[in-house]
$ cat start32.cif   # mmCIF, C-alpha atoms
data_run
loop_
_atom_site.label_atom_id
_atom_site.label_comp_id
_atom_site.auth_asym_id
_atom_site.auth_seq_id
_atom_site.Cartn_x
_atom_site.Cartn_y
_atom_site.Cartn_z
CA MET A 1 -16.90 15.05 -16.96
CA GLY A 2 -18.34 12.18 -14.95
CA VAL A 3 -20.00 11.01 -11.76
CA TYR A 4 -18.04 8.57 -9.60
CA ASN A 5 -19.27 6.77 -6.49
CA ILE A 6 -16.57 6.30 -3.87
CA ALA A 7 -16.90 4.18 -0.74
CA VAL A 8 -14.88 5.99 1.94
CA ILE A 9 -13.64 3.93 4.90
CA PRO A 10 -11.85 6.31 7.29
CA GLY A 11 -11.10 3.52 9.76
CA ASP A 12 -9.26 4.29 12.98
CA GLY A 13 -6.73 6.80 14.34
CA ILE A 14 -5.40 9.21 11.75
CA GLY A 15 -7.37 7.42 9.05
CA THR A 16 -10.26 9.81 9.56
CA GLU A 17 -7.99 12.85 9.16
CA VAL A 18 -6.15 11.75 6.04
CA THR A 19 -9.24 10.49 4.19
CA GLU A 20 -10.92 13.83 4.89
CA ALA A 21 -7.89 15.54 3.37
CA ALA A 22 -7.96 13.29 0.30
CA CYS A 23 -11.66 13.96 -0.26
CA LYS A 24 -11.09 17.72 -0.06
CA VAL A 25 -8.43 17.47 -2.75
CA LEU A 26 -10.70 15.29 -4.87
CA ASP A 27 -13.44 17.91 -4.56
CA ALA A 28 -10.99 20.58 -5.73
CA VAL A 29 -10.21 18.42 -8.76
CA ALA A 30 -13.92 17.87 -9.37
CA GLY A 31 -14.52 21.62 -9.36
CA LYS A 32 -11.72 22.24 -11.85
CA PHE A 33 -12.65 19.49 -14.32
CA GLY A 34 -16.43 19.29 -13.87
CA HIS A 35 -16.55 15.85 -12.26
CA GLN A 36 -18.72 14.79 -9.35
CA PHE A 37 -17.41 12.51 -6.64
CA VAL A 38 -20.17 11.02 -4.49
CA TYR A 39 -18.94 9.67 -1.17
CA LYS A 40 -20.49 7.03 1.07
CA THR A 41 -18.79 6.77 4.45
CA LEU A 42 -18.56 3.25 5.88
CA LEU A 43 -17.18 1.67 9.06
CA ALA A 44 -14.41 -0.94 9.08
CA GLY A 45 -11.68 -1.85 11.54
CA GLY A 46 -11.73 -1.08 15.24
CA CYS A 47 -14.59 1.42 14.97
CA ALA A 48 -16.70 -1.27 13.31
CA ILE A 49 -15.86 -3.70 16.12
CA ASP A 50 -17.10 -1.11 18.62
CA ALA A 51 -20.26 -0.46 16.64
CA HIS A 52 -21.12 -3.91 15.25
CA GLY A 53 -18.89 -6.45 16.98
CA VAL A 54 -16.96 -7.33 13.81
CA ALA A 55 -14.25 -5.55 11.83
CA LEU A 56 -16.20 -5.72 8.56
CA THR A 57 -19.91 -6.39 8.19
CA PRO A 58 -21.38 -8.08 5.10
CA GLU A 59 -23.38 -4.90 4.50
CA THR A 60 -20.22 -2.78 4.34
CA LEU A 61 -18.56 -5.21 1.95
CA ASN A 62 -21.65 -5.16 -0.26
CA GLU A 63 -21.63 -1.35 -0.34
CA CYS A 64 -17.98 -1.45 -1.40
CA LYS A 65 -18.81 -3.87 -4.20
CA LYS A 66 -21.48 -1.48 -5.48
CA SER A 67 -19.11 1.48 -5.53
CA ASP A 68 -16.81 2.56 -8.36
CA SER A 69 -13.84 2.57 -5.99
CA VAL A 70 -12.89 2.39 -2.32
CA LEU A 71 -10.78 4.93 -0.41
CA LEU A 72 -9.43 3.56 2.87
CA GLY A 73 -7.67 5.36 5.71
CA ALA A 74 -6.12 2.98 8.26
CA VAL A 75 -7.33 0.43 10.79
CA GLY A 76 -6.21 -0.82 14.18
CA GLY A 77 -4.88 0.48 17.44
CA PRO A 78 -3.87 -0.63 20.95
CA LYS A 79 -7.50 -0.59 22.10
CA TRP A 80 -8.09 -3.83 20.18
CA ASP A 81 -4.67 -5.49 20.51
CA ASN A 82 -5.85 -8.15 22.94
CA LEU A 83 -8.53 -9.55 20.64
CA PRO A 84 -7.98 -12.96 18.99
CA GLY A 85 -6.36 -12.75 15.56
CA ALA A 86 -9.54 -13.43 13.60
CA GLU A 87 -11.39 -10.69 15.49
CA ARG A 88 -8.81 -7.87 15.28
CA PRO A 89 -9.37 -4.71 13.21
CA GLU A 90 -6.82 -5.86 10.62
CA ARG A 91 -9.21 -8.66 9.70
CA ALA A 92 -11.17 -6.00 7.80
CA LEU A 93 -8.27 -5.56 5.39
CA LEU A 94 -8.08 -9.26 4.59
CA ASP A 95 -11.84 -9.52 4.14
CA LEU A 96 -11.95 -6.45 1.90
CA ARG A 97 -9.13 -7.75 -0.26
CA GLY A 98 -10.66 -11.22 -0.47
CA GLY A 99 -14.24 -10.01 -0.89
CA LEU A 100 -13.33 -7.56 -3.65
CA GLU A 101 -10.92 -10.06 -5.24
CA LEU A 102 -8.06 -7.56 -5.06
CA PHE A 103 -5.02 -9.68 -5.86
CA ALA A 104 -2.53 -7.01 -7.00
CA ASN A 105 -1.18 -4.37 -4.62
CA LEU A 106 0.80 -1.58 -6.30
CA ARG A 107 3.07 0.38 -3.97
CA PRO A 108 5.18 3.09 -5.61
CA ALA A 109 8.20 4.21 -3.60
CA ILE A 110 9.55 7.54 -4.83
CA LEU A 111 12.20 9.74 -3.28
CA TYR A 112 11.08 13.29 -3.95
CA PRO A 113 14.09 15.55 -4.58
CA GLN A 114 12.70 18.02 -2.04
CA LEU A 115 12.88 15.30 0.64
CA SER A 116 16.27 13.78 -0.17
CA SER A 117 17.59 14.88 3.22
CA ALA A 118 14.84 12.80 4.86
CA SER A 119 16.28 9.56 3.54
CA PRO A 120 18.53 7.72 6.03
CA LEU A 121 20.78 6.61 3.16
CA LYS A 122 24.04 8.30 2.20
CA ASP A 123 24.09 10.59 -0.83
CA GLU A 124 26.24 8.10 -2.70
CA ASN A 125 23.46 5.52 -2.40
CA LEU A 126 20.91 7.97 -3.78
CA LYS A 127 22.79 9.19 -6.85
CA ASN A 128 20.36 7.39 -9.19
CA GLY A 129 17.30 8.48 -7.22
CA ILE A 130 14.55 6.12 -6.09
CA ASP A 131 11.52 5.32 -8.25
CA ILE A 132 10.33 1.78 -7.53
CA MET A 133 6.99 0.09 -8.13
CA ILE A 134 6.47 -2.82 -5.76
CA VAL A 135 3.85 -5.32 -6.92
CA ARG A 136 2.66 -7.39 -3.98
CA GLU A 137 0.40 -10.43 -4.32
CA LEU A 138 -2.50 -9.71 -2.01
CA THR A 139 -4.96 -12.59 -1.60
CA GLY A 140 -2.78 -15.67 -1.22
CA GLY A 141 0.24 -16.94 0.64
CA LEU A 142 0.85 -16.92 4.36
CA TYR A 143 -1.82 -14.36 5.23
CA PHE A 144 -4.61 -16.46 3.70
CA GLY A 145 -3.33 -19.98 4.37
CA ASP A 146 -4.48 -22.48 6.98
CA ARG A 147 -3.61 -21.42 10.50
CA GLY A 148 -4.30 -22.44 14.04
CA ARG A 149 -2.91 -23.93 17.24
CA ARG A 150 -2.36 -27.53 18.27
CA PRO A 151 -0.53 -29.59 20.87
CA GLY A 152 3.17 -29.30 20.18
CA GLY A 153 4.38 -32.69 21.33
CA VAL A 154 7.75 -32.92 23.05
CA MET A 155 11.22 -31.41 22.73
CA PRO A 156 14.23 -33.67 21.92
CA ASP A 157 14.93 -33.98 25.64
CA GLY A 158 11.39 -35.21 26.29
CA SER A 159 10.07 -32.02 27.88
CA PRO A 160 6.67 -30.83 26.61
CA LYS A 161 6.51 -28.14 23.93
CA GLY A 162 3.12 -26.91 25.01
CA MET A 163 0.90 -25.45 22.32
CA GLU A 164 2.35 -24.59 18.93
CA ALA A 165 0.93 -22.15 16.37
CA PHE A 166 1.11 -22.63 12.62
CA ASP A 167 0.54 -20.51 9.51
CA THR A 168 0.65 -22.07 6.06
CA GLU A 169 2.15 -20.56 2.90
CA ALA A 170 0.48 -21.87 -0.25
CA TYR A 171 0.42 -20.55 -3.83
CA SER A 172 -1.08 -22.01 -6.99
CA GLU A 173 0.32 -21.54 -10.47
CA ALA A 174 -2.70 -19.46 -11.45
CA GLU A 175 -2.28 -17.12 -8.47
CA ILE A 176 1.39 -16.63 -9.23
CA GLU A 177 0.94 -16.15 -12.96
CA ARG A 178 -1.69 -13.42 -12.71
CA ILE A 179 0.39 -11.27 -10.34
CA VAL A 180 3.58 -11.87 -12.31
CA ARG A 181 1.86 -10.67 -15.48
CA VAL A 182 0.87 -7.48 -13.70
CA GLY A 183 4.54 -6.96 -12.86
CA PHE A 184 5.77 -7.58 -16.39
CA GLU A 185 3.13 -5.31 -17.93
CA LEU A 186 4.12 -2.50 -15.57
CA ALA A 187 7.80 -3.05 -16.26
CA LYS A 188 7.17 -2.98 -20.00
CA ALA A 189 5.63 0.49 -19.64
CA ARG A 190 8.41 1.79 -17.33
CA LYS A 191 12.14 1.06 -17.49
CA LYS A 192 11.72 -2.51 -18.75
CA LYS A 193 13.24 -4.19 -15.73
CA LEU A 194 11.56 -6.65 -13.36
CA THR A 195 12.96 -8.10 -10.14
CA SER A 196 11.24 -11.13 -8.63
CA VAL A 197 11.76 -11.65 -4.89
CA ASP A 198 11.39 -15.08 -3.27
CA LYS A 199 13.08 -17.58 -0.95
CA ALA A 200 13.48 -20.42 -3.42
CA ASN A 201 16.49 -21.88 -1.63
CA ILE A 202 14.25 -22.81 1.31
CA LEU A 203 10.53 -22.65 0.48
CA GLU A 204 8.74 -24.96 -1.93
CA SER A 205 6.14 -22.26 -2.59
CA SER A 206 8.98 -19.96 -3.67
CA ARG A 207 10.38 -22.61 -5.99
CA LEU A 208 7.03 -22.76 -7.79
CA TRP A 209 6.93 -18.96 -7.73
CA ARG A 210 10.27 -18.83 -9.54
CA GLU A 211 9.30 -21.52 -12.06
CA VAL A 212 6.20 -19.59 -13.07
CA ASN A 213 8.15 -16.30 -13.21
CA GLU A 214 10.73 -17.80 -15.54
CA ARG A 215 8.04 -19.25 -17.80
CA VAL A 216 6.16 -15.96 -18.09
CA ALA A 217 9.40 -14.00 -18.57
CA LYS A 218 9.87 -15.71 -21.95
CA GLU A 219 6.78 -13.86 -23.19
CA TYR A 220 8.38 -10.50 -22.38
CA PRO A 221 11.79 -10.54 -24.11
CA GLU A 222 11.96 -6.75 -23.99
CA VAL A 223 11.92 -6.79 -20.15
CA GLU A 224 15.14 -7.50 -18.26
CA TYR A 225 14.31 -10.13 -15.65
CA GLU A 226 16.24 -10.95 -12.49
CA TYR A 227 15.47 -12.63 -9.17
CA TYR A 228 16.71 -12.24 -5.62
CA TYR A 229 16.23 -14.09 -2.40
CA VAL A 230 14.28 -11.82 -0.08
CA ASP A 231 17.16 -11.30 2.36
CA ASN A 232 19.48 -10.21 -0.44
CA ALA A 233 16.78 -8.01 -1.94
CA ALA A 234 16.39 -6.24 1.41
CA MET A 235 20.13 -5.57 1.53
CA GLN A 236 20.37 -4.37 -2.08
CA LEU A 237 17.45 -1.99 -1.61
CA VAL A 238 19.53 -0.17 0.97
CA ARG A 239 22.80 -0.41 -0.95
CA ARG A 240 21.62 0.56 -4.45
CA PRO A 241 17.91 1.44 -4.50
CA GLY A 242 18.21 3.33 -7.79
CA ASP A 243 18.90 0.10 -9.68
CA PHE A 244 15.41 -1.26 -9.05
CA ASP A 245 12.36 -0.55 -11.19
CA VAL A 246 9.49 -3.03 -10.71
CA ILE A 247 9.63 -5.61 -7.92
CA VAL A 248 7.08 -8.45 -7.85
CA THR A 249 6.79 -10.66 -4.79
CA THR A 250 4.56 -12.60 -2.43
CA ASN A 251 2.08 -11.28 0.07
CA MET A 252 4.32 -11.45 3.13
CA PHE A 253 7.57 -10.47 1.42
CA GLY A 254 5.79 -7.57 -0.29
CA ASP A 255 4.47 -6.34 3.03
CA ILE A 256 7.99 -6.19 4.45
CA ILE A 257 9.88 -4.97 1.37
CA SER A 258 7.43 -2.14 0.72
CA ASP A 259 7.81 -0.85 4.28
CA GLU A 260 11.59 -0.91 3.87
CA ALA A 261 11.20 1.05 0.64
CA GLY A 262 9.08 3.53 2.55
CA MET A 263 11.81 4.05 5.10
CA ILE A 264 14.56 4.67 2.57
CA THR A 265 12.43 7.27 0.78
CA GLY A 266 12.14 9.26 4.00
CA SER A 267 8.63 8.69 5.32
CA ILE A 268 5.80 6.23 4.88
CA GLY A 269 3.63 9.33 5.15
CA MET A 270 4.43 9.91 1.46
CA LEU A 271 3.60 6.42 0.17
CA PRO A 272 0.27 5.59 -1.49
CA SER A 273 -0.99 2.22 -2.68
CA ALA A 274 -3.55 0.72 -5.02
CA SER A 275 -5.14 -2.71 -4.68
CA LEU A 276 -6.58 -3.99 -7.95
CA GLY A 277 -8.42 -7.07 -9.13
CA LYS A 278 -10.22 -8.29 -12.19
CA PRO A 279 -11.90 -5.76 -14.52
CA GLY A 280 -15.31 -4.65 -13.32
CA MET A 281 -14.49 -4.85 -9.63
CA PRO A 282 -13.74 -1.65 -7.68
CA GLY A 283 -10.15 -1.01 -6.69
CA MET A 284 -9.15 -0.02 -3.17
CA TYR A 285 -6.74 2.82 -2.47
CA GLU A 286 -5.01 3.50 0.83
CA PRO A 287 -1.89 5.06 2.31
CA VAL A 288 0.77 2.57 3.32
CA HIS A 289 1.03 3.96 6.85
CA GLY A 290 -0.95 2.71 9.83
CA SER A 291 -3.46 4.36 12.14
CA ALA A 292 -0.77 6.10 14.28
CA PRO A 293 -2.99 6.40 17.37
CA ASP A 294 -0.26 8.32 19.20
CA ILE A 295 -0.85 11.39 17.01
CA ALA A 296 -4.52 10.90 16.13
CA GLY A 297 -6.62 14.03 16.50
CA GLN A 298 -3.58 16.29 16.92
CA ASP A 299 -3.39 17.68 13.36
CA LYS A 300 0.06 16.12 12.92
CA ALA A 301 -0.57 13.39 10.36
CA ASN A 302 0.90 13.65 6.88
CA PRO A 303 -2.03 13.60 4.42
CA CYS A 304 0.15 13.23 1.33
CA ALA A 305 0.03 9.43 1.13
CA ALA A 306 -3.77 9.45 1.25
CA ILE A 307 -3.92 12.29 -1.30
CA LEU A 308 -1.52 10.42 -3.59
CA SER A 309 -3.66 7.30 -3.13
CA ALA A 310 -6.61 9.34 -4.39
CA ALA A 311 -4.49 10.30 -7.41
CA MET A 312 -3.83 6.61 -8.06
CA MET A 313 -7.59 6.04 -7.89
CA LEU A 314 -8.18 8.66 -10.56
CA ARG A 315 -5.56 7.08 -12.80
CA TRP A 316 -6.18 3.37 -12.30
CA SER A 317 -9.93 3.13 -11.63
CA PHE A 318 -11.36 6.15 -13.44
CA GLY A 319 -8.89 6.66 -16.27
CA LEU A 320 -8.40 10.32 -15.31
CA GLY A 321 -4.67 10.63 -15.96
CA GLU A 322 -4.57 14.41 -16.34
CA GLU A 323 -6.35 14.90 -13.02
CA ALA A 324 -4.02 12.42 -11.31
CA ASP A 325 -0.99 14.23 -12.72
CA LEU A 326 -2.32 17.52 -11.36
CA ILE A 327 -2.60 16.14 -7.82
CA GLU A 328 0.93 14.75 -7.93
CA GLN A 329 2.23 18.07 -9.25
CA ALA A 330 0.36 19.89 -6.49
CA ILE A 331 2.09 17.74 -3.86
CA CYS A 332 5.46 18.61 -5.39
CA ALA A 333 4.54 22.30 -5.50
CA ALA A 334 3.73 22.32 -1.78
CA LEU A 335 7.05 20.61 -1.06
CA ASP A 336 8.85 23.10 -3.31
CA ARG A 337 7.45 25.94 -1.22
CA GLY A 338 8.92 24.33 1.87
CA TYR A 339 5.79 23.01 3.60
CA ARG A 340 6.37 19.94 5.74
CA THR A 341 4.34 17.93 8.24
CA PRO A 342 6.35 16.82 11.31
CA ASP A 343 7.32 13.43 9.86
CA ILE A 344 9.20 15.06 6.95
CA ALA A 345 10.38 18.28 8.65
CA TYR A 346 14.05 17.34 8.68
CA THR A 347 15.59 20.73 7.88
CA GLN A 348 15.63 24.00 9.80
CA ASN A 349 14.45 26.15 6.91
CA CYS A 350 11.23 24.24 6.21
CA ILE A 351 7.77 25.46 7.18
CA ARG A 352 6.23 23.05 9.69
CA VAL A 353 2.48 22.64 9.20
CA GLY A 354 -0.28 20.32 10.33
CA THR A 355 -2.57 18.00 8.41
CA LYS A 356 -5.14 20.66 7.57
CA GLU A 357 -2.71 23.31 6.39
CA MET A 358 -0.72 20.82 4.30
CA THR A 359 -3.97 19.88 2.59
CA THR A 360 -4.72 23.54 1.96
CA ARG A 361 -1.27 24.10 0.48
CA VAL A 362 -1.74 21.18 -1.89
CA MET A 363 -5.14 22.50 -2.96
CA GLU A 364 -3.63 25.90 -3.78
CA SER A 365 -2.09 24.43 -6.92
CA ILE A 366 -5.36 22.81 -8.01
CA VAL A 367 -8.15 25.38 -7.65
#
$ encode --input "start32.cif" --output "structure tokens"
Amino acid sequence: MGVYNIAVIPGDGIGTEVTEAACKVLDAVAGKFGHQFVYKTLLAGGCAIDAHGVALTPETLNECKKSDSVLLGAVGGPKWDNLPGAERPERALLDLRGGLELFANLRPAILYPQLSSASPLKDENLKNGIDIMIVRELTGGLYFGDRGRRPGGVMPDGSPKGMEAFDTEAYSEAEIERIVRVGFELAKARKKKLTSVDKANILESSRLWREVNERVAKEYPEVEYEYYYVDNAAMQLVRRPGDFDVIVTTNMFGDIISDEAGMITGSIGMLPSASLGKPGMPGMYEPVHGSAPDIAGQDKANPCAAILSAAMMLRWSFGLGEEADLIEQAICAALDRGYRTPDIAYTQNCIRVGTKEMTTRVMESIV
């Protein structure tokens, strides 16, 4: 029994709908186990730009720092697409990750047996199932490196290039080592296999990444260690996804690989994530999907990724493993009974429901 303060950032589009669903499920858990979850709703993303002129205010970041954990919906939308890069809604994500020192992003990709028909892969590629934990470095690399625009000089034929844009990938040994250790520790507790993804044949930052990986790997002799170039990793994920356990990679590669993993499991509407930092700092939990403005407000969004993100919060930030297990079991129970939101309604005999009813069906197995 405990009291937990949660900063809730609904964000934009369907973010408001799925965070509301996650909070309802958390309240059901609180009622069953005697906990109290205290929510403070905050603005970030496009709605914060409309209200305050910036995607994330210092006051909002400070409130997040004072919380026990952060639950985020999604940010962005076409309304703000024409803003300069540093002023777009997505800037809130970078500032939250940097401000909360959240360097490790955990993205589990699981193919639920009830949704096997939703995967675009052939049955023969799914014979070993899919249960992958992608560990993405979150506060370094290309997304946080120097960037800008400058005169581009001339082409080989002497014609002007015009302006050129640049983004810089940079990683230090310390940044690489701390995320790699997260990967090895997770692998040690799972199937004892770690795959490191880089582009060491081309990028100097990837060569350092691999050097540090190989050094740290010697401290984990019980973990099978392998590495792939990112292009090969993307191909093998489609060809034999069941052979992967824990994947550790850079910020940009992790962004791409985790979305691919979401596609092969059937729907990114089922994929949660946790962003963690040093002990004592709140973690941030969010569904992998975006704001989906095309279906916002229509009761069509899949709340499962946000609900599963709340389960990760219980497990990783609050140490409430039994409660997290119950939420995950409740998701499976709703799927077993045939309930599907439109994004996962691939069969004729399923029961198509909206965001609110799917949430209710999950809660049925909790209360």
$ atom_distance --input "start32.cif" --atom1 "CA of Glu185 in chain A" --atom2 "CA of Asn128 in chain A"
23.1 Å
$ closest_residue --input "start32.cif" --among "A:Cys23, A:Ala170, A:Val8, A:Ile351" --to "Ala44 in chain A" --atoms "only C-alpha atoms"
A:Val8
$ closest_atom_pairs --input "start32.cif" --of "range 13-86 of chain A" --to "range 138-162 of chain A" --cutoff "12 Å" --atoms "only C-alpha atoms" --output "Markdown table"
| residue | atom | partner | partner_atom | distance |
| --- | --- | --- | --- | --- |
| A:Pro84 | CA | A:Gly148 | CA | 11.3 |
| A:Gly85 | CA | A:Gly148 | CA | 10.0 |
| A:Ala86 | CA | A:Arg147 | CA | 10.4 |
$ closest_residue --input "start32.cif" --among "A:Arg97, A:Lys199, A:His289, A:Lys278" --to "Ser317 in chain A" --atoms "all atoms listed in the file"
A:Lys278
$ resolve_selection --input "start32.cif" --expression "the PyMOL selection byres ((chain A and resi 72-76) around 10)" --output "number ranges by chain"
A: 7-20, 22, 42, 44-48, 55, 69-71, 77-81, 88-93, 284-293, 305-306, 309-310
$ closest_atom_pairs --input "start32.cif" --of "range 129-200 of chain A" --to "range 250-272 of chain A" --cutoff "12 Å" --atoms "all atoms listed in the file" --output "Markdown table"
| residue | atom | partner | partner_atom | distance |
| --- | --- | --- | --- | --- |
| A:Gly129 | CA | A:Thr265 | CA | 9.4 |
| A:Ile130 | CA | A:Thr265 | CA | 7.3 |
| A:Asp131 | CA | A:Thr265 | CA | 9.3 |
| A:Ile132 | CA | A:Ala261 | CA | 8.2 |
| A:Met133 | CA | A:Ser258 | CA | 9.1 |
| A:Ile134 | CA | A:Ser258 | CA | 6.6 |
| A:Val135 | CA | A:Gly254 | CA | 7.3 |
| A:Arg136 | CA | A:Gly254 | CA | 4.8 |
| A:Glu137 | CA | A:Asn251 | CA | 4.8 |
| A:Leu138 | CA | A:Asn251 | CA | 5.3 |
| A:Thr139 | CA | A:Asn251 | CA | 7.4 |
| A:Gly140 | CA | A:Asn251 | CA | 6.7 |
| A:Gly141 | CA | A:Asn251 | CA | 6.0 |
| A:Leu142 | CA | A:Met252 | CA | 6.6 |
| A:Tyr143 | CA | A:Met252 | CA | 7.1 |
| A:Phe144 | CA | A:Asn251 | CA | 9.2 |
| A:Gly145 | CA | A:Asn251 | CA | 11.1 |
| A:Asp167 | CA | A:Met252 | CA | 11.7 |
| A:Thr168 | CA | A:Met252 | CA | 11.6 |
| A:Glu169 | CA | A:Met252 | CA | 9.4 |
| A:Ala170 | CA | A:Thr250 | CA | 10.4 |
| A:Tyr171 | CA | A:Thr250 | CA | 9.1 |
| A:Ser172 | CA | A:Thr250 | CA | 11.9 |
| A:Glu175 | CA | A:Thr250 | CA | 10.2 |
| A:Ile176 | CA | A:Thr250 | CA | 8.5 |
| A:Glu177 | CA | A:Thr250 | CA | 11.7 |
| A:Ile179 | CA | A:Thr250 | CA | 9.0 |
| A:Val180 | CA | A:Thr250 | CA | 10.0 |
| A:Gly183 | CA | A:Thr250 | CA | 11.9 |
| A:Ser196 | CA | A:Thr250 | CA | 9.2 |
| A:Val197 | CA | A:Phe253 | CA | 7.7 |
| A:Asp198 | CA | A:Thr250 | CA | 7.3 |
| A:Lys199 | CA | A:Phe253 | CA | 9.3 |
| A:Ala200 | CA | A:Thr250 | CA | 11.9 |
$ closest_residue --input "start32.cif" --among "A:Glu87, A:Asp294, A:Asp123, A:Glu101" --to "Cys64 in chain A" --atoms "only C-alpha atoms"
A:Glu101
$ atom_distance --input "start32.cif" --atom1 "CA of Arg352 in chain A" --atom2 "CA of Gln298 in chain A"
13.9 Å
$ closest_residue --input "start32.cif" --among "A:Glu226, A:Pro342, A:Glu63, A:Ser275" --to "Leu94 in chain A" --atoms "only C-alpha atoms"
A:Ser275
$ resolve_selection --input "start32.cif" --expression "the PyMOL selection byres ((chain A and resi 28) around 12)" --output "JSON, numbers by chain"
{"A": [21, 22, 23, 24, 25, 26, 27, 29, 30, 31, 32, 33, 34, 35, 36, 37, 307, 323, 326, 327, 330, 359, 360, 362, 363, 364, 365, 366, 367]}
$ atom_distance --input "start32.cif" --atom1 "CA of Ala324 in chain A" --atom2 "CA of Ala311 in chain A"
4.5 Å
